[in-house]
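Asks: Input structure30.cif, format and content: mmCIF, C-alpha atoms.
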data_query
#
loop_
_atom_site.label_atom_id
_atom_site.label_comp_id
_atom_site.auth_asym_id
_atom_site.auth_seq_id
_atom_site.Cartn_x
_atom_site.Cartn_y
_atom_site.Cartn_z
CA MET A 1 -4.81 -26.16 10.58
CA PRO A 2 -3.16 -23.91 7.99
CA TRP A 3 -4.38 -25.93 5.01
CA ARG A 4 -8.00 -25.31 6.01
CA VAL A 5 -7.37 -21.56 6.15
CA SER A 6 -5.90 -21.74 2.65
CA THR A 7 -8.96 -23.65 1.44
CA VAL A 8 -11.23 -20.89 2.76
CA ILE A 9 -9.11 -18.29 1.00
CA LEU A 10 -9.33 -20.14 -2.30
CA ASN A 11 -13.08 -20.29 -2.12
CA THR A 12 -13.52 -16.54 -1.60
CA LEU A 13 -10.83 -14.74 -3.60
CA THR A 14 -11.05 -13.72 -7.19
CA LEU A 15 -7.70 -12.38 -8.29
CA ASP A 16 -8.87 -9.95 -10.94
CA PRO A 17 -5.98 -7.75 -12.08
CA LEU A 18 -8.42 -4.97 -12.89
CA THR A 19 -9.70 -4.91 -9.31
CA MET A 20 -6.72 -3.89 -7.19
CA LYS A 21 -3.23 -2.56 -7.75
CA ILE A 22 -0.48 -3.06 -5.17
CA LYS A 23 2.07 -0.31 -4.74
CA LEU A 24 5.26 -0.16 -2.68
CA ILE A 25 6.74 3.23 -1.76
CA TRP A 26 10.11 3.49 -0.07
CA ILE A 27 12.78 5.99 0.85
CA GLY A 28 16.10 5.03 -0.71
CA LYS A 29 17.94 4.30 -3.91
CA PRO A 30 15.71 3.16 -6.77
CA ASP A 31 17.99 0.35 -7.93
CA GLY A 32 21.53 -0.88 -8.22
CA ASP A 33 21.63 -2.54 -4.80
CA ILE A 34 22.85 -6.08 -4.27
CA PHE A 35 19.29 -7.41 -3.94
CA ASP A 36 17.93 -5.54 -6.96
CA GLU A 37 17.86 -8.55 -9.29
CA ALA A 38 15.93 -10.64 -6.75
CA ILE A 39 13.47 -7.78 -6.11
CA LYS A 40 12.84 -7.44 -9.85
CA TYR A 41 12.40 -11.21 -10.12
CA TYR A 42 9.62 -11.23 -7.51
CA ALA A 43 8.07 -8.03 -8.93
CA GLY A 44 7.71 -9.79 -12.27
CA ARG A 45 6.05 -12.77 -10.62
CA ILE A 46 3.71 -10.58 -8.55
CA SER A 47 2.59 -8.82 -11.72
CA ALA A 48 0.98 -12.07 -12.89
CA TYR A 49 -1.50 -11.69 -9.99
CA PHE A 50 -1.87 -7.95 -9.43
CA PRO A 51 -0.61 -4.82 -11.15
CA TYR A 52 2.46 -3.96 -9.07
CA GLU A 53 4.18 -0.59 -8.88
CA MET A 54 7.39 0.25 -7.03
CA VAL A 55 8.04 3.91 -6.20
CA ALA A 56 11.43 5.04 -4.90
CA ILE A 57 11.77 8.38 -3.14
CA PRO A 58 15.46 9.32 -3.16
CA TYR A 59 17.25 10.04 0.10
CA LEU A 60 17.12 13.68 1.13
CA LYS A 61 20.18 15.77 0.36
CA ASN A 62 22.13 16.88 3.44
CA ALA A 63 19.98 14.64 5.65
CA LYS A 64 22.88 13.97 8.04
CA SER A 65 23.02 17.65 8.97
CA MET A 66 19.26 17.89 9.51
CA PRO A 67 17.43 17.22 12.81
CA VAL A 68 15.67 13.83 12.86
CA GLU A 69 12.17 15.33 13.15
CA GLU A 70 12.82 17.62 10.17
CA GLN A 71 14.09 14.67 8.13
CA LYS A 72 10.97 12.61 8.96
CA LYS A 73 8.72 15.59 8.16
CA ARG A 74 10.31 16.19 4.75
CA GLU A 75 10.32 12.50 3.86
CA GLY A 76 6.67 12.33 4.95
CA GLU A 77 5.76 15.20 2.62
CA LEU A 78 7.42 13.38 -0.29
CA ILE A 79 5.64 10.13 0.55
CA LEU A 80 2.24 11.83 0.81
CA LYS A 81 2.69 13.27 -2.69
CA LYS A 82 2.81 9.69 -4.01
CA ILE A 83 -0.43 8.58 -2.29
CA ASP A 84 -3.90 9.31 -3.63
CA SER A 85 -6.77 9.93 -1.23
CA ASP A 86 -8.52 6.63 -2.03
CA GLU A 87 -5.50 4.38 -1.39
CA TYR A 88 -5.37 2.00 1.57
CA VAL A 89 -1.98 2.69 3.21
CA VAL A 90 -0.03 0.10 5.17
CA LEU A 91 3.16 1.12 6.95
CA TRP A 92 5.96 -1.36 7.50
CA ASP A 93 6.75 -0.31 11.03
CA GLU A 94 8.53 -1.95 13.94
CA ARG A 95 5.44 -1.29 16.10
CA GLY A 96 3.14 -2.94 13.55
CA LYS A 97 1.39 -6.28 13.84
CA GLU A 98 3.29 -9.36 12.77
CA LYS A 99 1.48 -11.88 10.59
CA THR A 100 2.20 -15.37 9.33
CA SER A 101 2.39 -15.81 5.57
CA VAL A 102 -1.14 -17.22 5.51
CA GLN A 103 -2.44 -14.31 7.61
CA PHE A 104 -0.72 -11.87 5.27
CA ALA A 105 -2.42 -13.60 2.32
CA GLU A 106 -5.76 -13.23 4.11
CA PHE A 107 -4.99 -9.53 4.66
CA ILE A 108 -4.38 -9.09 0.90
CA GLN A 109 -7.52 -11.10 0.12
CA GLN A 110 -9.72 -8.97 2.36
CA ARG A 111 -8.50 -5.79 0.65
CA ALA A 112 -8.97 -7.28 -2.83
CA ASN A 113 -12.47 -8.54 -2.00
CA SER A 114 -13.49 -5.13 -0.62
CA GLY A 115 -13.25 -3.49 -4.03
CA LEU A 116 -10.18 -1.47 -3.09
CA LYS A 117 -8.45 0.13 -6.09
CA THR A 118 -4.93 0.51 -4.65
CA LEU A 119 -3.25 -1.15 -1.68
CA THR A 120 -0.12 0.83 -0.85
CA PHE A 121 2.71 -0.35 1.37
CA VAL A 122 5.29 2.14 2.65
CA ILE A 123 8.84 1.64 3.93
CA GLY A 124 9.99 4.79 5.70
CA GLY A 125 13.39 6.34 6.11
CA ALA A 126 16.05 5.46 8.67
CA TYR A 127 14.17 7.19 11.50
CA GLY A 128 10.69 5.98 10.67
CA PHE A 129 7.64 8.02 9.76
CA SER A 130 6.42 11.53 10.44
CA ASP A 131 3.24 12.21 12.40
CA ALA A 132 1.53 13.10 9.10
CA ILE A 133 2.24 9.63 7.71
CA TYR A 134 0.98 7.95 10.88
CA ALA A 135 -2.18 10.06 10.59
CA ARG A 136 -2.68 8.94 6.95
CA GLN A 137 -2.10 5.21 7.50
CA ASN A 138 -4.83 2.59 7.53
CA ALA A 139 -2.72 -0.18 9.08
CA GLN A 140 0.73 -1.01 10.40
CA LEU A 141 2.49 -4.30 9.84
CA ALA A 142 5.89 -5.56 10.97
CA LEU A 143 7.98 -8.12 9.14
CA SER A 144 9.75 -9.06 12.36
CA LYS A 145 10.90 -7.70 15.68
CA LEU A 146 14.38 -7.72 14.16
CA THR A 147 15.74 -4.65 12.38
CA PHE A 148 16.60 -5.02 8.68
CA PRO A 149 18.22 -2.68 6.16
CA HIS A 150 15.60 -1.10 3.89
CA ILE A 151 16.81 -2.98 0.82
CA MET A 152 16.26 -6.27 2.66
CA VAL A 153 12.78 -5.14 3.72
CA ARG A 154 11.99 -4.56 0.04
CA LEU A 155 13.20 -8.05 -0.84
CA ILE A 156 11.43 -9.79 2.05
CA PHE A 157 8.23 -7.88 1.27
CA ALA A 158 8.41 -8.82 -2.42
CA GLU A 159 8.92 -12.49 -1.60
CA GLN A 160 6.12 -12.49 0.98
CA LEU A 161 3.74 -10.71 -1.40
CA TYR A 162 4.50 -13.29 -4.09
CA ARG A 163 4.03 -16.06 -1.51
CA ALA A 164 0.67 -14.54 -0.51
CA CYS A 165 -0.44 -14.55 -4.15
CA THR A 166 0.44 -18.22 -4.54
CA ILE A 167 -1.34 -19.09 -1.29
CA LEU A 168 -4.46 -17.32 -2.54
CA LYS A 169 -4.39 -19.20 -5.82
CA GLY A 170 -3.62 -22.56 -4.18
CA GLU A 171 -0.29 -22.89 -5.96
CA PRO A 172 2.44 -25.12 -4.50
CA TYR A 173 5.06 -22.42 -3.73
CA HIS A 174 3.95 -22.23 -0.08
CA HIS A 175 3.75 -25.61 1.60
#
Go ahead and render the structure in this file as structure tokens.
Replies:
Amino acid sequence: MPWRVSTVILNTLTLDPLTMKIKLIWIGKPDGDIFDEAIKYYAGRISAYFPYEMVAIPYLKNAKSMPVEEQKKREGELILKKIDSDEYVVLWDERGKEKTSVQFAEFIQQRANSGLKTLTFVIGGAYGFSDAIYARQNAQLALSKLTFPHIMVRLIFAEQLYRACTILKGEPYHH
């Protein structure tokens, strides 16, 4: 029963903002998209539970004329520059494991309870991730088997992260 899982979560999680920061890195425009206001809305709400940082890596110049593997390699190099060695890195990847909202909350809880300083989620470019990024990852998750534009992934992630925070605190947002 989902409510029992939530009860277990509530008994074991201490949401201490000094304990863990959550960071989202993505390839794309930093703002000005049609979902930007909604993303900022959820980012503000998330910040009440965890320090939350969003890092945009602009699209590569002349990417359309570049071979796919070269594009992934160069994007991977830019992503790796934004990740410290002690960060736990989760890739949003179509081959990743899907989770329910409660399972995602448990995933966040486990990382927070472990003493982790930074939990970093990464949304790759149009062609996915380079081998170097796959080598650096700690986990892969998938939002769905469906394909979404990157801006929608950012919005869905923000909403699900906020939902996970409310589940962990026993707040009524998730019913």
Asks: Per residue of range 64-111 of chain A within 10 Å of range 119-137 of chain A, what are the shortest atom pair and its distance in Å to one decimal, counting all atoms listed in the file, with rows by chain and residue number, as a tab-separated table?
Replies:
residue	atom	partner	partner_atom	distance
A:Val68	CA	A:Tyr127	CA	6.9
A:Glu69	CA	A:Ser130	CA	7.4
A:Glu70	CA	A:Ser130	CA	8.8
A:Gln71	CA	A:Tyr127	CA	8.2
A:Lys72	CA	A:Ser130	CA	4.9
A:Lys73	CA	A:Ser130	CA	5.2
A:Arg74	CA	A:Ser130	CA	8.3
A:Glu75	CA	A:Gly125	CA	7.2
A:Gly76	CA	A:Ser130	CA	5.6
A:Glu77	CA	A:Ala132	CA	8.0
A:Ile79	CA	A:Ile133	CA	7.9
A:Leu80	CA	A:Ile133	CA	7.2
A:Lys82	CA	A:Thr120	CA	9.9
A:Ile83	CA	A:Thr120	CA	7.9
A:Asp84	CA	A:Thr120	CA	9.7
A:Ser85	CA	A:Arg136	CA	9.2
A:Asp86	CA	A:Leu119	CA	9.4
A:Glu87	CA	A:Leu119	CA	6.0
A:Tyr88	CA	A:Leu119	CA	5.0
A:Val89	CA	A:Thr120	CA	4.8
A:Val90	CA	A:Phe121	CA	4.7
A:Leu91	CA	A:Val122	CA	4.9
A:Trp92	CA	A:Ile123	CA	5.5
A:Asp93	CA	A:Gly128	CA	7.4
A:Glu94	CA	A:Gly128	CA	8.8
A:Ile108	CA	A:Leu119	CA	8.4
A:Arg111	CA	A:Leu119	CA	7.4
Asks: Record the distance separating CA of Tyr162 in chain A and CA of Gln109 in chain A, expressed in Å with one decimal.
Replies: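 Rounded to one decimal, the two atoms are 12.9 Å apart.
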Asks: So that I can see what lies close to range 52-59 of chain A, please list as a ChimeraX atom specification the residues with an atom at most 9 Å from it, counting all atoms listed in the file and leaving out residues fewer than 5 positions away in the same chain.
Replies: /A:21-31,43-44,46-47,75,78-79,82,125
Asks: Can you tell me, as a list in words, what residues are no more than 7 Å from range 99-105 of chain A when counting all atoms listed in the file, ignoring any on the same chain fewer than 5 positions away?
Replies: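 Once the adjacent positions are removed, what remains is Gln160, Ala164, Cys165, Ile167 and Leu168 of chain A.
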Asks: Atoms to include: C-alpha atoms. Write the selected residues as a tab-separated table (two decimals), in the frame of the given file.
Replies:
chain	number	residue	atom	x	y	z
A	160	GLN	CA	6.12	-12.49	0.98
A	164	ALA	CA	0.67	-14.54	-0.51
A	165	CYS	CA	-0.44	-14.55	-4.15
A	167	ILE	CA	-1.34	-19.09	-1.29
A	168	LEU	CA	-4.46	-17.32	-2.54
Asks: Show me, as a PyMOL selection string, the residues that have an atom within 8 Å of range 37-42 of chain A when counting all atoms listed in the file, minus same-chain residues fewer than 2 positions from it.
Replies: chain A and resi 34-35+44-46+154-155+158-159+162
Asks: Find the distance between CA of Ala139 in chain A and CA of Lys97 in chain A and write it in Å to one decimal.
Replies: 8.8 Å
Asks: Separation of CA of Lys117 in chain A and CA of Met20 in chain A, in Å?
Replies: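 CA of Lys117 in chain A sits 4.5 Å away from CA of Met20 in chain A.
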Asks: Starting from the structure just given, write a file holding range 78-135 of chain A with C-alpha atoms, as a CSV table (one decimal), in the first residue's frame.
Replies:
chain,number,residue,atom,x,y,z
A,78,LEU,CA,31.2,20.5,-20.9
A,79,ILE,CA,29.0,18.5,-18.6
A,80,LEU,CA,31.9,17.0,-16.8
A,81,LYS,CA,33.3,20.4,-16.1
A,82,LYS,CA,30.2,21.2,-14.1
A,83,ILE,CA,30.4,18.0,-11.9
A,84,ASP,CA,32.7,17.7,-8.9
A,85,SER,CA,34.3,14.4,-8.0
A,86,ASP,CA,32.1,13.8,-4.9
A,87,GLU,CA,28.8,14.4,-6.6
A,88,TYR,CA,26.3,11.5,-7.1
A,89,VAL,CA,25.3,11.7,-10.8
A,90,VAL,CA,22.0,10.5,-12.2
A,91,LEU,CA,21.4,10.5,-15.9
A,92,TRP,CA,17.9,11.0,-17.3
A,93,ASP,CA,18.2,8.4,-20.0
A,94,GLU,CA,15.7,6.4,-22.1
A,95,ARG,CA,17.4,3.2,-21.0
A,96,GLY,CA,17.2,4.2,-17.3
A,97,LYS,CA,14.9,2.7,-14.7
A,98,GLU,CA,11.4,4.1,-14.4
A,99,LYS,CA,10.1,4.8,-10.9
A,100,THR,CA,6.8,5.8,-9.4
A,101,SER,CA,6.6,9.1,-7.6
A,102,VAL,CA,6.9,7.4,-4.2
A,103,GLN,CA,9.9,5.3,-5.4
A,104,PHE,CA,11.5,8.5,-6.7
A,105,ALA,CA,11.0,10.1,-3.2
A,106,GLU,CA,12.6,7.0,-1.6
A,107,PHE,CA,15.5,7.4,-4.0
A,108,ILE,CA,16.0,11.0,-2.9
A,109,GLN,CA,15.6,10.0,0.7
A,110,GLN,CA,18.3,7.3,0.5
A,111,ARG,CA,20.7,9.8,-1.0
A,112,ALA,CA,19.9,12.4,1.6
A,113,ASN,CA,20.2,9.9,4.5
A,114,SER,CA,23.6,8.7,3.2
A,115,GLY,CA,25.3,12.1,3.9
A,116,LEU,CA,25.7,12.9,0.3
A,117,LYS,CA,26.6,16.6,-0.3
A,118,THR,CA,25.3,16.9,-3.9
A,119,LEU,CA,22.8,14.9,-5.9
A,120,THR,CA,23.2,15.9,-9.6
A,121,PHE,CA,20.7,15.0,-12.3
A,122,VAL,CA,21.8,15.4,-16.0
A,123,ILE,CA,19.7,15.9,-19.1
A,124,GLY,CA,21.8,15.3,-22.2
A,125,GLY,CA,21.7,16.7,-25.6
A,126,ALA,CA,19.6,15.5,-28.5
A,127,TYR,CA,21.7,12.4,-29.1
A,128,GLY,CA,22.2,11.4,-25.5
A,129,PHE,CA,25.4,11.1,-23.6
A,130,SER,CA,29.0,10.4,-24.4
A,131,ASP,CA,30.8,7.3,-23.2
A,132,ALA,CA,32.7,9.5,-20.7
A,133,ILE,CA,29.4,10.6,-19.1
A,134,TYR,CA,28.1,7.0,-18.9
A,135,ALA,CA,31.4,6.1,-17.2
